[in-house]
Structure formats: C-alpha cells, structure tokens
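Have a look at the structure below before the remarks.
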Amino acid sequence: MRHFGHIAPAAREGLFFQEPREFGADSPAGMLSAALGATLYSPATRPRLADDVIKQAGRGVVSMVLCLEDSIDDSEVDGAEENLIRQFADLDACGSEVPLLFIRVREPGQIVDLVSRLGRSVRLLSGFVLPKFTEERGVPFMEALAKAEKACGQRLFAMPVLESPELLHLETRREALRGITRTVNKYRERVLALRLGVTDFCSAYGLRRAPDMTAYDVQIVGAVIADVVNVLGRADGTGFTITGPVWEYFRLQERMFKPQLRRSPFLEGRAEELRTALIEHDLDGLLREIELDRANGLLGKTCIHPSHVAPVHALSVVSHEEFSDAQDILRPERGGGGVMRSAYTNKMNEVKPHRAWAERTLQRAEAFGVAREHVGFVELLAAGLAE
C-alpha cells in the first residue's frame, strides 16, 4: 500500500515531485510509525466490518483500529469479540488488500485469547491498542503481547494510549511519565507509536472543546501534550512517534464536493470555492489542529469519521519548499555546520539546529510524498476525496 495509492497514477504524477513510498505490514517499524496517518477507529460490533475495512482501504485509509473498549457498551464485549473473529476470517478469505489493522482491547488477557481464536487470519493483524496506559497497567499488557507474538510466530506492535488521570493530574504527572517511559523503553521494539486520549483528559474536568477550538486551546490539555512530547518525543533517538488527538466533529459531507472533484484533479481554478466550503462545514478547526499537531511534534491522528482522513493526509504531504530546505540542511558538505539562505530565499537554514527537523521531514516525505512546487493542500485534498 501507499498513501494516495487509491488515486490514478497519472493524477498522482501530476501532484507529486516525489511520490509516497510503498509499504506493508512487514516494513520496518520506523517507516510504519511515520506512515500511520489518519488512523480510523471503528467499533468491533459493526456487522459488516470486513466490508467497511475494504471500502475504507479503497478510499485511502492505511491504518484502522477495531475497538473493543470505550466505543462499545460493556455488555457487548463478548459479541464484539465473536464478530471480530468472523470478520477477520471473511477478510482473509476475500484476499483484498487491507490497511494496517489493530485491535483496541480492554484487558491484557484479551490479547492472547484473541490471537489464539483468530487462527490463520491473525496474519492480517498488525497489533493492539492498549488503553489507559500506565506503568502498572502497561507491563501486563506488554507481557501479554510478547506471549501472543511468540504463540502466533509473527510481529505484533503495541500502540499505548496515554489518557489516564495520573498523567493528567499535576501532582502525579511527573511520576506517571517516568513510569510510562520505563515501560515503553523496556519494550521499545514492540511500541509502534504512542496515542493521546484527549477525550478522557477533558472528561476528568467536565470539559469538551467546541468545533472552533483545538485541543491546544484547552490549556489543561495542551499542557499535558507538551509534557508528553517533552519526555517521550525527543529527537535524540530516545523518542517515540506520538500521534495527534481525535477530532470529534464531522458535519462535512463529502458528496457536496463530488461534482467539482470529478471535473478535474486540480479543480480548474475552483480551489478557493472548495476552501471556503471546508471552513463553512466545521473543518477549519480540524485543519488548524492538524497544523498545531505537527508544530508541537505529533505525527498522524486518531480519527473517528472517514471525512477526517483526507485532510489529515493532505496536510501530511511535505511541501516542495520544506523538502528543498531539508535537503540543503542535510547535504554531506554541510556536516560541519553553518548557515545559508534557503533556496526559496525567504528564510535562514542553520545546519546544526535544523538537522533533526530536516531528518524528520525527509522521513515524512518517504511516507507521504513531496508535492510539486505549485501544488498545495486544496489540490491534495481534492485528490484524496475523489473517487
């Protein structure tokens, strides 16, 4: 699979200076963590879940979480597990390409049990999402994952969700972060990414952000995100990929744009019309939050509605200007440092301070591609939404 792989090759060639690389479930962990993109959550109770997975793969989704936790009622867990086993078997039988698939469990015992019950279809499973992750809860989860991995004979990743009250509350945050750090470092080879559970953070204080506000506008939440990145997102080789929080609103109706998108992948001058429509349909807050995610060191995003996927992916593509700056900074002859004017002649590129940014930018370019010089977000979004 690859990002934007669902659009026609000719259209992709017109959009990208460097196309996104292909990857699969067996790709290196570093590539997969950068390529997660918009990770779409779906309740494991859905009766046509296998069909949904195939449909979303055809629309550009590359990672999905099938949820047995907060998205379903406590009384539905047993039925949801049985449904998952059936749906994985159906996916295995059909032979279609599927996204990276993860199961969000409630308790460690579910990991070993589900892997055993999946049988041959476990080959479609990339790992598990581990809720309310702390050192106390996390160690049993990671031990269960190691046991399940040994039993099935394939690599399984963990994506811990950082959402516990201990992490939110100021008086316990420092020790909670220390404990989480000890745990994920111990099992580093199995941790694909860390996910932020901002809805749980807000819940602890009876808060809910409005559609015109980002998670960073809720200062108590923004402070936690900053501390998590400070401790766990460092660019010195000790950090992990940390993904952006969920966006709760989804009034956008993609069908509103289909007539425009079918006429031309480049909108034939209607870019401003589409941009205005997006803002009017509550996407402005999402777009601002995605930009703030990246500015604050996060990559990828938890999504609970398909309409969020294309904006996340469009804003993850590396611009031609970013790519040019990153390449200049990382040229071998610049290894000793120094400062230079950018090729776009609008900024200073300082080799040593900007090196980590440049390395991360080229990693993102591998996963999401580099846009052509005059291709922007609207054109990439239009291509992502087009059938």
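In the structure tokens, each chain is lettered A, B, ... as it comes, each chain's residues begin at 1, and ligands are numbered from 1 in order of appearance.
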
As a PyMOL selection string, please: all residues of region 39-192 of chain A that backbone DSSP puts in alpha helix (DSSP H).
chain A and resi 49-57+77-94+109-118+135-152+165-168+170-186

Using DSSP on the backbone, list every residue of region 21-195 of chain A that comes out as strand (DSSP E), and give them as a PyMOL selection string.
chain A and resi 38-43+63-67+100-104+125-130+157-162+194-195

Distance criterion (only C-alpha atoms): nearest to Glu19 (chain A) out of A:Ile242, A:Val317, A:Leu66, A:Leu385
A:Val317

Let me make sure I understand: among A:Leu40, A:Glu175, A:Lys132, A:Arg2, which one has the smallest atom-to-atom distance to Val309 (chain A) if we use only C-alpha atoms?
A:Leu40

Name the closest residue to Ser96 (chain A) among the candidates A:His3, A:Lys55, A:Arg137, A:Arg178; distances are taken between atoms, counting only C-alpha atoms.
A:Lys55

I want to know what sits within 12 Å of Phe141 (chain A), based on only C-alpha atoms, with residues of the same chain fewer than 6 positions away left out; could you give that as a PyMOL selection string?
chain A and resi 104-112+127-135+147-148+157-161+183-184+187+190-191

Take CA of Ile103 (chain A) and CA of Val62 (chain A) and report the distance between them in Å, one decimal.
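According to the coordinates, CA of Ile103 (chain A) and CA of Val62 (chain A) are separated by 14.6 Å.
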